[in-house]
Amino acid sequence: MLDEHRSGRLTAWGNALLAGFAAPDDVALHITGEDALHRVVGLPGESGPVGLTLALGRLRALGATGLRLALPAPGHPLGLSGPPEFNALALEAGEAVVAVGTGLGLVPEVHAVGPEGDEHVEVVWQCLPVREAPPADVPSLGEAERELAEALREATAVLTRLDVAGSGPAAQAALEAYRARAEHGKEILAPGYPPRAARVLELAQRVGALVAIASGPGDGGGREHGAAVSAAEITARAAALRPVERTARRAQVAAYNAPLEERERGRP
């Protein structure tokens with residue numbers, strides 16, 4: 001959770017485009033990020049892959065009123081509403097986007113292209129039918145903010161108890177990666193998002209960073225598990241942090257979906 005999901009970028013900047021806060025070319029650049037290329041396949045009315053600008057324009061023409069983020073995990077279909085075929089692809093990817101009002105969803109497939117040592121990343125978004133229904137387990141922004149405050153306390157307590165907070169180079173590297181992300185936190189969301197959404201997302205990223213540190217690999221090959229060196233202790237750590245990780249994912253979804261929540265509540 002130290003890195004922003006591609007589906008998060010698509011959701012945020014797609015919502016900015018649909019609301020008139022950003023130009024199509026700027027939106028495509030922000031969604032693509034450091035990747036070499038993004039294409040969309042399976043879009044109604046298109047026989048082959050199309051670029052992001054055309055795809056978002058087509059979704060708007062098809063009636064898209066906004067984009068919703070989904071971050072499912074095994075046993076937790078967060079943000080999904082079916083059908084099973086779409087849910088399965090989204091679960092495999094760990095992320096997806098639902099275009100509200102179109103009955104369509106997008107799931108990214110990431111490919112490394114090019115010779116070894118000079119590879120670049122290309123992303124193919126699979127466009128598939130989705131069920132127009134309330135998404136699973138998505139909290140309001142207010143609920144997410146309240147839950148995160150407790151989750152942050154829990155994550156910090158677990159790290160302290162297991163003596164892994166700040167222990168060793170792997171933990172330090174993870175903390176530095178998070179701090180770099182936090183310094184640029186305002187760039188994560190797009191124009192038109194409420195300040196509260198940015199605040200919730202930043203806190204969710206912080207909680208996710210702590211969970212990532214505590215859940216880091218430790219396979220005996222020089223990688224770390226902090227002070228939890230036995231298999232039993234590693235299992236106990238994972239069990240203790242699982243609800244914290246779930247809370248952080250739920251909060252990320254709430255933050256990215258904030259414009260739709262505001263619209264549904266009748267606010268401008």
# chains A, B, ... in the order shown; residues from 1 in each chain; ligands from 1

call {"tool": "residues_around", "arguments": {"residues": "stretch 241-243 of chain A", "least_positions_apart": "3", "cutoff": "12 Å", "atoms": "only C-alpha atoms", "output": "VMD selection string"}}
result
chain A and resid 73 to 76 147 to 148 150 to 159 162 207 to 216 234 to 238 246 to 250

call {"tool": "residues_around", "arguments": {"residues": "stretch 10-21 of chain A", "least_positions_apart": "3", "cutoff": "8 Å", "atoms": "only C-alpha atoms", "output": "VMD selection string"}}
result
chain A and resid 6 to 7 24 27 30 to 31 56 60 64 to 69 97 189 to 192 256 to 257 259

call {"tool": "closest_residue", "arguments": {"among": "A:Pro83, A:Ala61, A:Asp26, A:Pro195", "to": "A:Gly45", "atoms": "only C-alpha atoms"}}
result
A:Ala61

call {"tool": "closest_residue", "arguments": {"among": "A:Pro115, A:Val244, A:Asp137, A:Tyr193", "to": "A:Arg263", "atoms": "only C-alpha atoms"}}
result
A:Tyr193

call {"tool": "atom_distance", "arguments": {"atom1": "atom CA of A:Glu143", "atom2": "atom CA of A:Thr102"}}
result
27.6 Å

call {"tool": "select_by_dssp", "arguments": {"residues": "stretch 52-99 of chain A", "states": "alpha helix (DSSP H)", "output": "PDB file with C-alpha atoms, in the first residue's frame"}}
result
ATOM      1  CA  LEU A  52      -7.381   6.647 -22.390  1.00  0.00           C
ATOM      2  CA  THR A  53      -8.666   9.915 -23.851  1.00  0.00           C
ATOM      3  CA  LEU A  54     -10.990   8.182 -26.298  1.00  0.00           C
ATOM      4  CA  ALA A  55     -12.041   5.600 -23.707  1.00  0.00           C
ATOM      5  CA  LEU A  56     -13.013   8.181 -21.089  1.00  0.00           C
ATOM      6  CA  GLY A  57     -14.863  10.196 -23.716  1.00  0.00           C
ATOM      7  CA  ARG A  58     -16.765   7.095 -24.779  1.00  0.00           C
ATOM      8  CA  LEU A  59     -17.686   6.257 -21.171  1.00  0.00           C
ATOM      9  CA  ARG A  60     -19.025   9.781 -20.734  1.00  0.00           C
ATOM     10  CA  ALA A  61     -21.062   9.414 -23.928  1.00  0.00           C
ATOM     11  CA  PRO A  84     -18.808 -13.112 -10.781  1.00  0.00           C
ATOM     12  CA  GLU A  85     -16.727 -12.797 -13.970  1.00  0.00           C
ATOM     13  CA  PHE A  86     -15.847  -9.185 -13.242  1.00  0.00           C
ATOM     14  CA  ASN A  87     -15.337  -9.847  -9.539  1.00  0.00           C
ATOM     15  CA  ALA A  88     -12.898 -12.668 -10.291  1.00  0.00           C
ATOM     16  CA  LEU A  89     -10.739 -10.499 -12.553  1.00  0.00           C
ATOM     17  CA  ALA A  90     -10.826  -7.622 -10.085  1.00  0.00           C
ATOM     18  CA  LEU A  91      -9.848  -9.900  -7.211  1.00  0.00           C
ATOM     19  CA  GLU A  92      -6.936 -11.284  -9.213  1.00  0.00           C
ATOM     20  CA  ALA A  93      -5.719  -7.760  -9.951  1.00  0.00           C
TER      21      ALA A  93
END

call {"tool": "residues_around", "arguments": {"residues": "A:Gly48", "least_positions_apart": "3", "cutoff": "12 Å", "atoms": "only C-alpha atoms", "output": "list in words"}}
result
Arg39, Val40, Val41, Gly42, Leu43, Pro44, Gly45, Gly51, Ala55, Val124, Trp125, Gln126 and Cys127 of chain A

call {"tool": "write_last_selection", "arguments": {"atoms": "N, CA and C atoms", "output": "PDB file, in the first residue's frame"}}
result
ATOM      1  N   ARG A  39      -3.924   1.308 -22.489  1.00  0.00           N
ATOM      2  CA  ARG A  39      -4.941   1.097 -23.512  1.00  0.00           C
ATOM      3  C   ARG A  39      -6.162   0.446 -22.879  1.00  0.00           C
ATOM      4  N   VAL A  40      -7.305   0.603 -23.522  1.00  0.00           N
ATOM      5  CA  VAL A  40      -8.549   0.008 -23.040  1.00  0.00           C
ATOM      6  C   VAL A  40      -9.083  -0.913 -24.120  1.00  0.00           C
ATOM      7  N   VAL A  41      -9.424  -2.154 -23.740  1.00  0.00           N
ATOM      8  CA  VAL A  41      -9.988  -3.121 -24.684  1.00  0.00           C
ATOM      9  C   VAL A  41     -11.368  -3.547 -24.206  1.00  0.00           C
ATOM     10  N   GLY A  42     -12.217  -3.921 -25.165  1.00  0.00           N
ATOM     11  CA  GLY A  42     -13.564  -4.381 -24.834  1.00  0.00           C
ATOM     12  C   GLY A  42     -14.574  -3.279 -24.676  1.00  0.00           C
ATOM     13  N   LEU A  43     -14.207  -2.054 -25.026  1.00  0.00           N
ATOM     14  CA  LEU A  43     -15.124  -0.930 -24.900  1.00  0.00           C
ATOM     15  C   LEU A  43     -16.240  -1.055 -25.943  1.00  0.00           C
ATOM     16  N   PRO A  44     -17.498  -0.899 -25.553  1.00  0.00           N
ATOM     17  CA  PRO A  44     -18.590  -0.986 -26.526  1.00  0.00           C
ATOM     18  C   PRO A  44     -18.386  -0.020 -27.687  1.00  0.00           C
ATOM     19  N   GLY A  45     -18.587  -0.522 -28.902  1.00  0.00           N
ATOM     20  CA  GLY A  45     -18.444   0.304 -30.091  1.00  0.00           C
ATOM     21  C   GLY A  45     -17.044   0.359 -30.651  1.00  0.00           C
ATOM     22  N   GLY A  51      -6.985   4.422 -26.729  1.00  0.00           N
ATOM     23  CA  GLY A  51      -6.277   5.171 -25.702  1.00  0.00           C
ATOM     24  C   GLY A  51      -7.208   5.668 -24.612  1.00  0.00           C
ATOM     25  N   ALA A  55     -11.263   6.484 -24.570  1.00  0.00           N
ATOM     26  CA  ALA A  55     -12.041   5.600 -23.707  1.00  0.00           C
ATOM     27  C   ALA A  55     -12.871   6.391 -22.702  1.00  0.00           C
ATOM     28  N   VAL A 124      -3.058  -2.695 -19.890  1.00  0.00           N
ATOM     29  CA  VAL A 124      -4.257  -2.927 -20.687  1.00  0.00           C
ATOM     30  C   VAL A 124      -5.439  -3.007 -19.728  1.00  0.00           C
ATOM     31  N   TRP A 125      -6.390  -2.105 -19.901  1.00  0.00           N
ATOM     32  CA  TRP A 125      -7.604  -2.101 -19.085  1.00  0.00           C
ATOM     33  C   TRP A 125      -8.673  -2.936 -19.780  1.00  0.00           C
ATOM     34  N   GLN A 126      -9.105  -4.010 -19.120  1.00  0.00           N
ATOM     35  CA  GLN A 126     -10.180  -4.839 -19.638  1.00  0.00           C
ATOM     36  C   GLN A 126     -11.520  -4.222 -19.250  1.00  0.00           C
ATOM     37  N   CYS A 127     -12.345  -3.907 -20.243  1.00  0.00           N
ATOM     38  CA  CYS A 127     -13.664  -3.331 -20.003  1.00  0.00           C
ATOM     39  C   CYS A 127     -14.709  -4.448 -20.048  1.00  0.00           C
TER      40      CYS A 127
END

call {"tool": "select_by_dssp", "arguments": {"residues": "stretch 4-162 of chain A", "states": "strand (DSSP E)", "output": "MDAnalysis selection string"}}
result
chainID A and resid 37:41 50:51 66:70 96:100 104:113 120:129

call {"tool": "decode", "arguments": {"residues": "stretch 41-57 of chain A", "atoms": "N, CA and C atoms", "output": "compact mmCIF listing (two decimals), in the first residue's frame"}}
result
# COMPACT_ATOMS: atom_id res chain seq x y z
N VAL A 41 -9.42 -2.15 -23.74
CA VAL A 41 -9.99 -3.12 -24.68
C VAL A 41 -11.37 -3.55 -24.21
N GLY A 42 -12.22 -3.92 -25.17
CA GLY A 42 -13.56 -4.38 -24.83
C GLY A 42 -14.57 -3.28 -24.68
N LEU A 43 -14.21 -2.05 -25.03
CA LEU A 43 -15.12 -0.93 -24.90
C LEU A 43 -16.24 -1.05 -25.94
N PRO A 44 -17.50 -0.90 -25.55
CA PRO A 44 -18.59 -0.99 -26.53
C PRO A 44 -18.39 -0.02 -27.69
N GLY A 45 -18.59 -0.52 -28.90
CA GLY A 45 -18.44 0.30 -30.09
C GLY A 45 -17.04 0.36 -30.65
N GLU A 46 -16.08 -0.30 -29.97
CA GLU A 46 -14.70 -0.32 -30.44
C GLU A 46 -14.26 -1.76 -30.70
N SER A 47 -13.68 -2.00 -31.86
CA SER A 47 -13.27 -3.36 -32.22
C SER A 47 -11.89 -3.72 -31.71
N GLY A 48 -11.13 -2.74 -31.23
CA GLY A 48 -9.78 -3.00 -30.76
C GLY A 48 -9.40 -2.07 -29.62
N PRO A 49 -8.13 -2.08 -29.23
CA PRO A 49 -7.68 -1.23 -28.12
C PRO A 49 -7.78 0.25 -28.48
N VAL A 50 -8.09 1.07 -27.47
CA VAL A 50 -8.13 2.52 -27.67
C VAL A 50 -7.38 3.18 -26.53
N GLY A 51 -6.98 4.42 -26.73
CA GLY A 51 -6.28 5.17 -25.70
C GLY A 51 -7.21 5.67 -24.61
N LEU A 52 -6.60 6.20 -23.54
CA LEU A 52 -7.38 6.65 -22.39
C LEU A 52 -8.32 7.80 -22.74
N THR A 53 -7.84 8.75 -23.54
CA THR A 53 -8.67 9.91 -23.85
C THR A 53 -9.94 9.50 -24.56
N LEU A 54 -9.81 8.65 -25.58
CA LEU A 54 -10.99 8.18 -26.30
C LEU A 54 -11.89 7.35 -25.39
N ALA A 55 -11.26 6.48 -24.57
CA ALA A 55 -12.04 5.60 -23.71
C ALA A 55 -12.87 6.39 -22.70
N LEU A 56 -12.27 7.39 -22.07
CA LEU A 56 -13.01 8.18 -21.09
C LEU A 56 -14.11 8.99 -21.77
N GLY A 57 -13.83 9.49 -22.97
CA GLY A 57 -14.86 10.20 -23.72
C GLY A 57 -16.02 9.29 -24.07
